[in-house]
>>> print(open('final-v8.txt').read())   # compact mmCIF, C-alpha atoms
# COMPACT_ATOMS: atom_id res chain seq x y z
CA MET A 8 25.85 -105.26 233.47
CA LYS A 9 24.77 -102.57 235.92
CA ALA A 10 23.71 -103.66 239.39
CA LEU A 11 20.25 -102.09 239.42
CA GLU A 12 19.45 -102.09 235.70
CA SER A 13 17.84 -104.78 233.60
CA ASP A 14 15.37 -105.27 230.77
CA ALA A 15 13.67 -107.92 232.92
CA PRO A 16 10.86 -106.99 235.33
CA LEU A 17 12.86 -108.28 238.30
CA ILE A 18 16.54 -108.84 239.12
CA VAL A 19 17.27 -111.68 241.55
CA TYR A 20 20.69 -111.93 243.22
CA VAL A 21 21.63 -115.32 244.67
CA ASP A 22 24.67 -117.19 245.96
CA ILE A 23 25.00 -120.98 245.98
CA LYS A 24 26.56 -120.96 249.48
CA SER A 25 23.75 -118.98 251.12
CA PRO A 26 21.18 -121.02 253.08
CA TYR A 27 18.67 -118.19 252.75
CA ALA A 28 19.08 -118.16 248.97
CA PHE A 29 18.66 -121.95 248.99
CA ALA A 30 15.33 -121.62 250.80
CA ALA A 31 14.26 -118.90 248.35
CA ILE A 32 15.07 -120.61 245.05
CA ARG A 33 12.01 -122.79 244.62
CA PRO A 34 9.48 -120.17 245.77
CA THR A 35 11.07 -117.57 243.47
CA LEU A 36 11.20 -119.94 240.48
CA ALA A 37 7.59 -120.89 241.17
CA MET A 38 6.58 -117.24 241.19
CA GLU A 39 8.46 -116.60 237.94
CA LYS A 40 6.65 -119.53 236.33
CA SER A 41 3.22 -118.61 237.66
CA LEU A 42 3.57 -115.03 236.40
CA GLY A 43 4.87 -116.19 233.02
CA MET A 44 7.83 -113.82 233.31
CA ARG A 45 11.59 -114.08 232.91
CA PHE A 46 13.60 -112.73 235.76
CA ASP A 47 17.20 -111.58 235.51
CA TRP A 48 19.09 -113.97 237.82
CA ARG A 49 22.55 -112.86 238.85
CA PRO A 50 25.34 -114.02 241.17
CA LEU A 51 26.35 -112.23 244.34
CA THR A 52 29.34 -114.01 245.82
CA LEU A 53 29.20 -113.21 249.52
CA ASP A 54 32.39 -112.24 251.37
CA ILE A 55 31.15 -113.75 254.62
CA PRO A 56 34.29 -113.43 256.80
CA SER A 57 34.31 -109.65 256.23
CA TYR A 58 31.05 -109.16 258.14
CA LEU A 59 30.24 -112.35 260.04
CA GLY A 60 33.68 -113.50 261.05
CA SER A 61 35.01 -116.83 259.92
CA ALA A 62 34.87 -120.33 261.29
CA ARG A 63 35.90 -123.81 260.28
CA LYS A 64 34.30 -126.99 261.53
CA LYS A 65 35.60 -130.54 261.55
CA GLU A 66 33.40 -133.50 262.37
CA GLY A 67 30.71 -131.12 263.61
CA LYS A 68 33.00 -129.22 265.99
CA VAL A 69 34.31 -125.69 265.55
CA VAL A 70 38.09 -125.89 265.25
CA GLU A 71 38.76 -122.26 264.23
CA SER A 72 36.65 -119.13 264.74
CA THR A 73 36.94 -115.33 264.73
CA ARG A 74 33.23 -114.83 265.46
CA SER A 75 31.79 -112.91 268.42
CA THR A 76 28.99 -114.34 270.59
CA SER A 77 26.50 -112.07 268.83
CA GLN A 78 27.70 -113.21 265.39
CA TRP A 79 27.40 -116.84 266.45
CA SER A 80 23.83 -116.25 267.68
CA TRP A 81 22.89 -114.84 264.29
CA VAL A 82 24.66 -117.55 262.31
CA LYS A 83 23.18 -120.39 264.36
CA TYR A 84 19.69 -118.92 264.16
CA ALA A 85 20.03 -118.29 260.41
CA TYR A 86 20.93 -121.92 259.76
CA ARG A 87 18.17 -123.27 262.03
CA ASP A 88 15.67 -120.98 260.35
CA ALA A 89 16.70 -121.77 256.79
CA ARG A 90 16.80 -125.50 257.65
CA ARG A 91 13.22 -125.66 258.93
CA TYR A 92 11.89 -123.85 255.86
CA ALA A 93 14.00 -126.03 253.55
CA GLU A 94 12.57 -129.09 255.25
CA ARG A 95 9.07 -127.83 254.50
CA GLN A 96 10.11 -128.02 250.84
CA GLY A 97 11.38 -131.56 251.31
CA LEU A 98 15.00 -130.41 251.21
CA MET A 99 17.92 -131.26 253.48
CA LEU A 100 20.15 -128.46 254.73
CA LYS A 101 23.34 -129.39 256.56
CA GLY A 102 25.52 -126.61 257.94
CA THR A 103 28.68 -126.17 255.92
CA GLU A 104 32.02 -127.16 257.44
CA LYS A 105 33.85 -124.16 256.02
CA ILE A 106 33.11 -120.95 254.14
CA TRP A 107 33.22 -121.95 250.50
CA ASP A 108 34.39 -119.91 247.55
CA SER A 109 31.19 -120.16 245.50
CA SER A 110 32.36 -118.03 242.59
CA ILE A 111 32.60 -120.95 240.10
CA PRO A 112 28.99 -122.21 240.52
CA ASN A 113 27.90 -118.57 240.65
CA ILE A 114 29.66 -117.85 237.35
CA ALA A 115 27.77 -120.86 236.04
CA ILE A 116 24.56 -118.89 236.67
CA LEU A 117 25.84 -116.36 234.14
CA TRP A 118 26.74 -119.21 231.77
CA VAL A 119 23.24 -120.68 231.94
CA MET A 120 21.60 -117.27 231.58
CA GLN A 121 23.63 -116.67 228.42
CA THR A 122 23.57 -120.13 226.83
CA ASP A 123 20.48 -122.06 227.95
CA ARG A 124 18.18 -119.74 229.90
CA ASP A 125 15.24 -122.13 230.04
CA ARG A 126 17.27 -124.63 232.05
CA LEU A 127 18.23 -122.29 234.89
CA GLY A 128 15.79 -123.97 237.27
CA ASP A 129 17.29 -127.34 236.34
CA TYR A 130 20.78 -126.01 237.10
CA PHE A 131 19.67 -124.75 240.51
CA GLU A 132 18.15 -128.17 241.21
CA ALA A 133 21.40 -129.85 240.14
CA VAL A 134 23.63 -127.72 242.35
CA TYR A 135 21.74 -126.35 245.38
CA PRO A 136 20.23 -129.49 247.02
CA PRO A 137 23.35 -131.68 246.71
CA PHE A 138 25.61 -128.84 247.89
CA TRP A 139 23.47 -128.45 251.00
CA ARG A 140 23.60 -132.21 251.55
CA ARG A 141 27.41 -131.76 251.59
CA GLU A 142 27.79 -133.85 248.46
CA LEU A 143 29.52 -131.30 246.21
CA ASP A 144 32.92 -129.65 246.17
CA ILE A 145 31.80 -126.47 244.44
CA GLU A 146 35.38 -125.16 244.25
CA ASP A 147 36.15 -127.94 241.73
CA ILE A 148 35.23 -126.79 238.24
CA THR A 149 34.67 -130.35 237.02
CA VAL A 150 32.01 -130.76 239.72
CA VAL A 151 30.23 -127.64 238.48
CA GLU A 152 30.51 -128.87 234.90
CA ALA A 153 28.89 -132.12 235.99
CA CYS A 154 26.02 -130.14 237.55
CA LEU A 155 25.53 -128.31 234.27
CA GLU A 156 25.46 -131.58 232.34
CA LYS A 157 23.06 -133.12 234.86
CA ALA A 158 20.76 -130.16 234.20
CA GLY A 159 20.92 -130.87 230.48
CA ILE A 160 23.16 -127.87 229.78
CA ASP A 161 26.14 -128.15 227.46
CA SER A 162 29.23 -127.46 229.58
CA SER A 163 31.73 -127.42 226.73
CA GLY A 164 33.42 -124.04 226.90
CA PHE A 165 32.38 -123.43 230.51
CA ALA A 166 35.89 -123.90 231.90
CA GLU A 167 37.21 -121.27 229.52
CA PHE A 168 34.27 -118.98 230.35
CA ALA A 169 34.80 -119.44 234.11
CA GLN A 170 38.45 -118.40 233.81
CA GLY A 171 37.88 -115.70 231.20
CA GLU A 172 34.79 -113.75 230.18
CA GLY A 173 32.54 -115.21 232.89
CA ARG A 174 35.05 -114.42 235.61
CA ARG A 175 35.42 -110.88 234.23
CA GLN A 176 31.64 -110.33 234.22
CA HIS A 177 31.35 -111.74 237.74
CA ASP A 178 34.25 -109.72 239.10
CA LYS A 179 33.02 -106.52 237.45
CA LEU A 180 29.58 -106.91 239.00
CA GLN A 181 30.61 -107.62 242.59
CA PRO A 182 32.19 -104.23 243.44
CA GLN A 183 29.06 -102.47 242.15
CA LEU A 184 26.82 -104.15 244.70
CA HIS A 185 27.64 -102.38 247.97
CA PRO A 186 27.60 -98.92 246.36
CA SER A 187 24.20 -99.82 244.89
CA GLY A 188 22.81 -100.78 248.31
CA ILE A 189 22.93 -104.55 247.80
CA TYR A 190 24.60 -106.62 250.52
CA GLY A 191 23.04 -110.08 250.77
CA VAL A 192 21.02 -112.80 249.09
CA PRO A 193 18.42 -113.34 247.97
CA THR A 194 17.99 -109.74 246.90
CA TYR A 195 15.15 -108.67 244.63
CA VAL A 196 15.47 -105.46 242.63
CA ILE A 197 12.18 -104.20 241.30
CA ASP A 198 11.98 -100.81 239.60
CA GLY A 199 15.02 -99.68 241.58
CA THR A 200 13.62 -100.83 244.94
CA ILE A 201 15.98 -103.21 246.72
CA LEU A 202 14.40 -105.93 248.83
CA PHE A 203 16.59 -108.41 250.74
CA GLY A 204 15.00 -111.73 251.67
CA ARG A 205 12.27 -114.00 250.39
CA GLU A 206 9.86 -112.48 252.92
CA HIS A 207 9.34 -109.80 250.26
CA LEU A 208 7.96 -112.21 247.67
CA PRO A 209 4.33 -111.29 248.49
CA TYR A 210 5.17 -107.63 247.82
CA VAL A 211 7.15 -108.49 244.67
CA ARG A 212 4.24 -110.54 243.32
CA TRP A 213 1.78 -107.75 244.13
CA HIS A 214 4.01 -105.28 242.31
CA LEU A 215 4.53 -107.49 239.25
CA GLN A 216 0.79 -108.17 239.03
CA GLY A 217 -0.01 -104.49 238.66
CA ARG A 218 -0.21 -103.22 242.25
CA GLU A 219 -3.92 -103.84 242.58
CA GLY A 220 -5.48 -103.59 246.03
CA PRO A 221 -3.58 -102.92 249.23
CA ALA A 222 0.11 -103.85 249.28
CA PRO A 223 0.86 -106.95 251.36
CA ASP A 224 3.11 -106.99 254.40
CA MET A 225 6.25 -109.14 254.43
CA ALA A 226 5.76 -112.86 255.05
CA TYR A 227 7.38 -116.23 254.57
CA GLU A 228 4.63 -117.99 252.70
CA ILE A 229 4.08 -121.62 253.66
CA ASP A 230 1.58 -122.65 251.03
CA ASP A 231 1.91 -125.47 248.51
CA ILE A 232 4.10 -123.40 246.16
CA GLU A 233 7.10 -123.89 248.47
CA ALA A 234 6.76 -127.64 248.41
CA ALA A 235 6.76 -127.90 244.64
CA SER A 236 9.97 -128.72 242.81
CA CYS A 237 10.69 -126.57 239.76
CA MET B 6 0.00 -119.05 274.69
CA LEU B 7 2.34 -117.14 272.41
CA THR B 8 5.29 -115.37 274.02
CA ILE B 9 6.73 -112.37 272.23
CA TYR B 10 9.83 -110.43 273.20
CA ILE B 11 9.81 -106.83 272.02
CA ASP B 12 11.61 -103.54 272.39
CA PHE B 13 10.02 -100.18 271.70
CA LYS B 14 13.18 -98.93 270.01
CA SER B 15 13.13 -101.88 267.62
CA PRO B 16 11.50 -100.79 264.34
CA ALA B 17 10.74 -104.41 263.50
CA SER B 18 8.88 -104.74 266.81
CA TYR B 19 6.80 -101.68 265.98
CA LEU B 20 5.90 -103.01 262.54
CA ALA B 21 5.06 -106.41 264.04
CA LEU B 22 2.56 -105.02 266.54
CA GLU B 23 -0.62 -104.65 264.48
CA PRO B 24 -0.10 -107.75 262.28
CA THR B 25 0.48 -109.78 265.45
CA LEU B 26 -2.58 -108.34 267.20
CA ALA B 27 -4.63 -109.06 264.09
CA MET B 28 -3.46 -112.67 264.12
CA ALA B 29 -4.30 -112.92 267.83
CA ARG B 30 -7.82 -111.63 267.19
CA GLU B 31 -8.25 -114.10 264.36
CA THR B 32 -6.98 -117.14 266.24
CA GLY B 33 -8.00 -116.23 269.79
CA VAL B 34 -4.49 -116.95 271.06
CA ALA B 35 -3.34 -115.21 274.24
CA ILE B 36 -0.09 -113.26 273.99
CA ASP B 37 2.47 -112.70 276.70
CA TRP B 38 4.36 -109.55 275.69
CA LEU B 39 7.76 -109.43 277.37
CA PRO B 40 10.51 -106.79 277.33
CA PHE B 41 13.85 -107.46 275.70
CA SER B 42 16.13 -104.49 275.10
CA VAL B 43 18.08 -104.57 271.85
CA ARG B 44 20.56 -102.25 270.22
CA ALA B 45 18.88 -99.41 268.35
CA LEU B 46 19.33 -99.40 264.59
CA SER B 47 21.72 -96.70 263.55
CA VAL B 48 23.33 -96.18 260.17
CA PRO B 49 27.07 -95.53 260.43
CA GLU B 50 28.56 -92.62 258.52
CA GLU B 51 30.72 -93.55 255.55
CA GLN B 52 34.37 -93.45 256.58
CA GLU B 53 37.53 -92.97 254.61
CA ASN B 54 39.51 -96.20 254.26
CA GLU B 55 36.40 -98.18 255.15
CA SER B 56 36.99 -101.94 255.41
CA VAL B 57 34.78 -104.34 253.45
CA GLY B 58 33.18 -105.38 256.73
CA ASP B 59 32.51 -101.77 257.77
CA ARG B 60 31.02 -101.04 254.36
CA HIS B 61 28.85 -104.14 254.54
CA ARG B 62 27.49 -103.11 257.97
CA ARG B 63 26.79 -99.57 256.77
CA VAL B 64 25.02 -100.69 253.60
CA ARG B 65 23.05 -103.32 255.53
CA ALA B 66 21.93 -100.84 258.20
CA ALA B 67 20.82 -98.33 255.58
CA ALA B 68 18.94 -101.03 253.68
CA GLN B 69 17.25 -102.25 256.86
CA ARG B 70 16.15 -98.72 257.69
CA ASP B 71 14.77 -98.27 254.18
CA ILE B 72 12.88 -101.57 254.36
CA HIS B 73 11.30 -100.57 257.68
CA LEU B 74 10.21 -97.25 256.16
CA HIS B 75 8.90 -99.09 253.09
CA TYR B 76 6.64 -101.36 255.15
CA ALA B 77 5.66 -98.57 257.54
CA ALA B 78 4.22 -96.88 254.47
CA VAL B 79 2.53 -100.16 253.46
CA GLN B 80 0.95 -100.35 256.93
CA GLY B 81 0.04 -96.66 256.90
CA LEU B 82 2.25 -95.90 259.89
CA ASP B 83 4.20 -92.76 260.61
CA MET B 84 7.82 -93.70 261.27
CA HIS B 85 10.83 -91.49 261.76
CA PHE B 86 14.37 -92.56 262.60
CA ALA B 87 16.02 -90.13 265.00
CA LYS B 88 19.62 -89.22 264.34
CA THR B 89 20.39 -90.19 267.93
CA PRO B 90 17.99 -92.95 269.00
CA ALA B 91 16.31 -92.51 272.37
CA GLY B 92 16.18 -95.25 275.00
CA SER B 93 13.32 -97.50 276.05
CA ASP B 94 14.28 -98.91 279.46
CA ALA B 95 11.46 -97.30 281.46
CA ALA B 96 8.77 -98.39 278.99
CA LEU B 97 10.18 -101.92 279.00
CA ALA B 98 10.16 -101.93 282.81
CA ALA B 99 6.53 -100.78 282.84
CA LEU B 100 5.65 -103.60 280.45
CA ALA B 101 7.49 -106.14 282.61
CA VAL B 102 5.14 -105.60 285.57
CA MET B 103 1.96 -104.70 283.70
CA ASP B 104 -1.29 -106.37 284.74
CA GLY B 105 -4.28 -106.51 282.47
CA ASP B 106 -4.51 -105.64 278.78
CA PRO B 107 -1.19 -104.16 277.59
CA ASP B 108 -2.37 -103.36 274.06
CA PRO B 109 -3.29 -99.67 274.64
CA PHE B 110 0.09 -99.05 276.27
CA LEU B 111 1.96 -100.90 273.53
CA ARG B 112 0.25 -98.80 270.86
CA ALA B 113 0.81 -95.55 272.74
CA ALA B 114 4.46 -96.24 273.56
CA PHE B 115 5.41 -97.42 270.07
CA ALA B 116 3.67 -94.45 268.44
CA ALA B 117 5.29 -91.99 270.85
CA TYR B 118 8.73 -93.40 270.11
CA TRP B 119 8.45 -93.67 266.33
CA THR B 120 6.31 -90.60 265.65
CA ASP B 121 7.48 -88.12 268.29
CA GLN B 122 10.89 -89.58 269.21
CA ALA B 123 9.75 -89.76 272.84
CA ASP B 124 12.48 -90.79 275.27
CA LEU B 125 11.07 -93.98 276.74
CA ALA B 126 14.03 -94.29 279.07
CA ASP B 127 12.57 -91.32 280.98
CA GLU B 128 10.26 -92.54 283.75
CA GLY B 129 8.34 -89.26 283.69
CA VAL B 130 7.61 -89.63 279.97
CA VAL B 131 6.49 -93.22 280.46
CA ALA B 132 4.38 -92.31 283.50
CA ALA B 133 2.51 -89.79 281.34
CA LEU B 134 1.97 -92.41 278.64
CA LEU B 135 0.69 -94.88 281.23
CA GLN B 136 -1.67 -92.26 282.58
CA SER B 137 -2.97 -91.56 279.07
CA VAL B 138 -4.16 -95.17 278.84
CA GLY B 139 -5.45 -95.34 282.39
CA ILE B 140 -2.61 -97.26 284.03
CA ASP B 141 -0.83 -96.26 287.23
CA GLN B 142 2.94 -95.99 287.11
CA PRO B 143 4.75 -98.94 288.68
CA ASP B 144 7.29 -99.12 291.44
CA TRP B 145 10.22 -98.43 289.15
CA LYS B 146 12.87 -100.20 291.18
CA SER B 147 11.02 -103.50 291.21
CA ALA B 148 9.97 -103.02 287.58
CA HIS B 149 13.58 -102.67 286.45
CA ALA B 150 14.54 -105.70 288.54
CA LYS B 151 11.78 -107.73 286.88
CA THR B 152 13.00 -106.60 283.46
CA ALA B 153 16.50 -107.81 284.24
CA SER B 154 15.15 -111.14 285.46
CA ILE B 155 13.08 -111.59 282.26
CA ARG B 156 16.15 -110.80 280.19
CA ASP B 157 18.31 -113.37 281.99
CA HIS B 158 15.68 -116.03 281.42
CA ALA B 159 15.23 -115.00 277.78
CA GLU B 160 18.93 -115.11 277.03
CA GLN B 161 19.20 -118.54 278.60
CA SER B 162 16.45 -119.71 276.26
CA GLY B 163 18.25 -118.35 273.18
CA ILE B 164 16.58 -114.98 272.65
CA PHE B 165 18.95 -112.40 271.16
CA GLU B 166 16.80 -110.02 269.08
CA ALA B 167 13.34 -108.51 268.89
CA PRO B 168 10.65 -109.22 268.00
CA SER B 169 11.12 -112.87 268.91
CA TYR B 170 8.17 -115.23 269.01
CA ARG B 171 8.30 -118.41 271.07
CA ILE B 172 5.69 -121.09 270.56
CA ALA B 173 5.73 -124.87 270.68
CA ASP B 174 9.46 -124.91 271.53
CA GLN B 175 10.25 -122.97 268.35
CA LEU B 176 11.83 -119.54 268.16
CA PHE B 177 10.91 -117.21 265.31
CA LEU B 178 12.58 -113.87 264.75
CA GLY B 179 10.38 -111.35 262.96
CA ARG B 180 6.79 -110.97 261.80
CA GLU B 181 7.60 -112.61 258.49
CA HIS B 182 7.05 -115.91 260.31
CA LEU B 183 3.44 -115.15 261.22
CA PRO B 184 2.02 -117.63 258.66
CA TRP B 185 3.92 -120.50 260.29
CA ILE B 186 3.22 -119.21 263.81
CA LYS B 187 -0.46 -119.06 262.94
CA SER B 188 -0.40 -122.67 261.76
CA LEU B 189 1.24 -123.73 265.05
CA ILE B 190 -1.40 -121.85 267.02
CA ALA B 191 -4.13 -123.54 265.01
CA ALA B 192 -2.57 -126.92 265.76
CA GLU B 193 -2.30 -126.07 269.48
CA LEU B 194 -5.87 -124.86 269.67
CA GLY B 195 -7.15 -127.75 267.55
CA GLN B 196 -8.54 -125.40 264.89
>>> encode(input="final-v8.txt", output="structure tokens")
Amino acid sequence: MKALESDAPLIVYVDIKSPYAFAAIRPTLAMEKSLGMRFDWRPLTLDIPSYLGSARKKEGKVVESTRSTSQWSWVKYAYRDARRYAERQGLMLKGTEKIWDSSIPNIAILWVMQTDRDRLGDYFEAVYPPFWRRELDIEDITVVEACLEKAGIDSSGFAEFAQGEGRRQHDKLQPQLHPSGIYGVPTYVIDGTILFGREHLPYVRWHLQGREGPAPDMAYEIDDIEAASC
Amino acid sequence: MLTIYIDFKSPASYLALEPTLAMARETGVAIDWLPFSVRALSVPEEQENESVGDRHRRVRAAAQRDIHLHYAAVQGLDMHFAKTPAGSDAALAALAVMDGDPDPFLRAAFAAYWTDQADLADEGVVAALLQSVGIDQPDWKSAHAKTASIRDHAEQSGIFEAPSYRIADQLFLGREHLPWIKSLIAAELGQ
């Protein structure tokens, strides 16, 4: 798997622990469905402490932090912003109490793509909303297996995949991302153009529909598509 | 009333200008443009023994620059990133004390910065820009003092980047929020 190459018309990089990816999932799935296309969904497991500092909260209070004032401003705004857009979709977004290792549920994206592609939206519905309601321990493989089963996906063999071939595929992809110009989620790769953030969905749609008329500017769309569950 | 904090050296502020003015024309909302100096976008050189964090910041800065250039092309704007970004303090000070319609100055100052790499920290350069749009240069000392006062107030209210839009007690960072901002304006104006 090469970071910028795919047979699909669009590559979408996501991470279960990203609030921005959470807010982008339903609109992106809705666009995929409305265009009648199959996107190439892939995991990007963010190494948040390396660029945003780290912090741990307990009972709503920060008990450990290496973040600067500027980093805190960005983090707080990012959560507030993702939360209000999630709420427009009828979703709850609670700030996480620690920085999670999301590699297991992200490897599950590869598992679903390779074993039961049509249920990817169901998997996202089974893992994203409860994780952001603080109901899931996504570092526990049995929890991720339960999410797969809830989505109607056979999880037998997933544990072996997550520790073997799936982990290898995931770990081989991650170091390719920075050198390819990819650093966050959601990232859309369309004909080699890298677009970070769901504000680019109007442009992505325009491109996938044949680039007719003037190209649209970036925007967070707030129409009925966002409110619809996939 | 929609309050927007901008900086001329912020590429996102430049790209927000015309879409925001178009929305204002469409809705009839009045805009209070206020100065808020931010750090210029610069792309660090790749270093030997780069940490993951350093590499992330370099890749992110390069990607942000490329996205700005991408949408500048979409908007039909000429945009060039200088190797050493110029300042904007004098233009921000002029904006802080400006009476009347600021739009011609905003357009002139943004274009000068992003097309010609004009140094908008130079009061002489800004005075010439003001003159080109029929505005007298301000008393610079009081203009800079007003800029500092606006910044203090902005920071206390949670502003930390540009362009920032404040409406109905909500803060939005970036023009990508214009659809929601427009809906709030419509609700405020009873449209």
>>> residues_around(input="final-v8.txt", residues="segment 115-121 of chain B", least_positions_apart="2", cutoff="12 Å", atoms="only C-alpha atoms", output="number ranges by chain")
B: 11-23, 45, 73-74, 77, 82-87, 90-93, 96-97, 108-113, 123-127, 130-131, 133-135, 137
>>> interface_residues(input="final-v8.txt", of="chain B", to="chain A", cutoff="7 Å", atoms="all atoms listed in the file", output="PyMOL selection string")
chain B and resi 57-58+61+64-65+68+76+79+181-185
>>> write_last_selection(input="final-v8.txt", atoms="C-alpha atoms", output="mmCIF file, in the frame of the given file")
data_model
loop_
_atom_site.group_PDB
_atom_site.id
_atom_site.type_symbol
_atom_site.label_atom_id
_atom_site.label_comp_id
_atom_site.auth_asym_id
_atom_site.auth_seq_id
_atom_site.Cartn_x
_atom_site.Cartn_y
_atom_site.Cartn_z
ATOM 1 C CA VAL B 57 34.780 -104.340 253.450
ATOM 2 C CA GLY B 58 33.180 -105.380 256.730
ATOM 3 C CA HIS B 61 28.850 -104.140 254.540
ATOM 4 C CA VAL B 64 25.020 -100.690 253.600
ATOM 5 C CA ARG B 65 23.050 -103.320 255.530
ATOM 6 C CA ALA B 68 18.940 -101.030 253.680
ATOM 7 C CA TYR B 76 6.640 -101.360 255.150
ATOM 8 C CA VAL B 79 2.530 -100.160 253.460
ATOM 9 C CA GLU B 181 7.600 -112.610 258.490
ATOM 10 C CA HIS B 182 7.050 -115.910 260.310
ATOM 11 C CA LEU B 183 3.440 -115.150 261.220
ATOM 12 C CA PRO B 184 2.020 -117.630 258.660
ATOM 13 C CA TRP B 185 3.920 -120.500 260.290
#
>>> closest_residue(input="final-v8.txt", among="B:Ala114, B:Val34, B:Leu39, B:Ile9", to="Lys187 of chain B", atoms="all atoms listed in the file")
B:Val34
>>> atom_distance(input="final-v8.txt", atom1="atom CA of Val19 of chain A", atom2="atom CA of Ala167 of chain B")
27.8 Å
>>> residues_around(input="final-v8.txt", residues="Glu167 of chain A", least_positions_apart="5", cutoff="12 Å", atoms="all atoms listed in the file", output="PyMOL selection string")
chain A and resi 111+114-115+118+148+152+162+172-175
>>> atom_distance(input="final-v8.txt", atom1="atom CA of Ser154 of chain B", atom2="atom CA of Asp174 of chain B")
20.4 Å
>>> atom_distance(input="final-v8.txt", atom1="atom CA of Asp129 of chain A", atom2="atom CA of Lys157 of chain A")
8.3 Å
>>> closest_residue(input="final-v8.txt", among="A:Asp125, A:Phe29, A:Ser41, A:Leu53", to="Lys101 of chain A", atoms="only C-alpha atoms")
A:Phe29
>>> residues_around(input="final-v8.txt", residues="Ala153 of chain A", least_positions_apart="3", cutoff="12 Å", atoms="only C-alpha atoms", output="ChimeraX atom specification")
/A:112,115,130,133-134,143-145,147-150,156-163,165-166
>>> residues_near_point(input="final-v8.txt", point="(25.7, -107.9, 241.6)", cutoff="10 Å", atoms="only C-alpha atoms", output="number ranges by chain")
A: 8-11, 18-21, 48-52, 176-185, 187, 189-191, 194
>>> closest_residue(input="final-v8.txt", among="A:Ala30, A:His214, A:Phe168, A:Asn113", to="Leu127 of chain A", atoms="only C-alpha atoms")
A:Asn113
>>> closest_residue(input="final-v8.txt", among="A:Pro209, A:Gly220, A:Gly102, A:Gly164", to="Thr122 of chain A", atoms="only C-alpha atoms")
A:Gly164
>>> axis_aligned_box(input="final-v8.txt", around="segment 129-144 of chain B", padding_each_side="8 Å", output="JSON")
{"center_x": 1.4, "center_y": -94.2, "center_z": 285.0, "size_x": 29.8, "size_y": 25.9, "size_z": 28.8}
>>> closest_residue(input="final-v8.txt", among="A:Pro136, A:Gln170, A:Trp213, A:Met44", to="Met99 of chain A", atoms="all atoms listed in the file")
A:Pro136
>>> residues_around(input="final-v8.txt", residues="Tyr10 of chain B", least_positions_apart="2", cutoff="7 Å", atoms="only C-alpha atoms", output="ChimeraX atom specification")
/B:8,38-41,167-170
>>> write_last_selection(input="final-v8.txt", atoms="C-alpha atoms", output="compact mmCIF listing (two decimals), keeping the file's coordinate frame")
# COMPACT_ATOMS: atom_id res chain seq x y z
CA THR B 8 5.29 -115.37 274.02
CA TRP B 38 4.36 -109.55 275.69
CA LEU B 39 7.76 -109.43 277.37
CA PRO B 40 10.51 -106.79 277.33
CA PHE B 41 13.85 -107.46 275.70
CA ALA B 167 13.34 -108.51 268.89
CA PRO B 168 10.65 -109.22 268.00
CA SER B 169 11.12 -112.87 268.91
CA TYR B 170 8.17 -115.23 269.01
>>> closest_residue(input="final-v8.txt", among="A:Ser25, A:Val119, A:Ile32, A:Arg45", to="Thr103 of chain A", atoms="only C-alpha atoms")
A:Ser25
>>> decode(input="final-v8.txt", residues="segment 26-57 of chain B", atoms="C-alpha atoms", output="compact mmCIF listing (two decimals), in the first residue's frame")
# COMPACT_ATOMS: atom_id res chain seq x y z
CA LEU B 26 -17.64 40.52 1.66
CA ALA B 27 -19.87 38.55 -0.69
CA MET B 28 -21.74 37.09 2.28
CA ALA B 29 -22.09 40.58 3.79
CA ARG B 30 -23.56 41.90 0.54
CA GLU B 31 -25.97 39.00 0.41
CA THR B 32 -27.16 39.24 4.00
CA GLY B 33 -26.78 42.98 4.60
CA VAL B 34 -24.82 42.34 7.80
CA ALA B 35 -22.44 45.05 9.00
CA ILE B 36 -18.85 43.95 9.61
CA ASP B 37 -16.43 45.31 12.17
CA TRP B 38 -12.96 44.47 10.84
CA LEU B 39 -10.42 44.47 13.65
CA PRO B 40 -6.64 43.95 13.65
CA PHE B 41 -5.07 40.91 15.26
CA SER B 42 -1.44 40.21 14.49
CA VAL B 43 -0.54 36.55 14.09
CA ARG B 44 2.65 34.69 13.32
CA ALA B 45 3.41 34.58 9.61
CA LEU B 46 3.31 31.16 7.99
CA SER B 47 6.78 29.95 7.23
CA VAL B 48 7.88 26.49 6.19
CA PRO B 49 10.89 25.26 8.17
CA GLU B 50 13.82 23.75 6.30
CA GLU B 51 14.26 20.01 6.69
CA GLN B 52 16.89 19.33 9.35
CA GLU B 53 19.14 16.39 9.96
CA ASN B 54 18.06 14.36 12.99
CA GLU B 55 14.61 15.95 12.79
CA SER B 56 12.27 14.90 15.62
CA VAL B 57 8.82 13.53 14.80
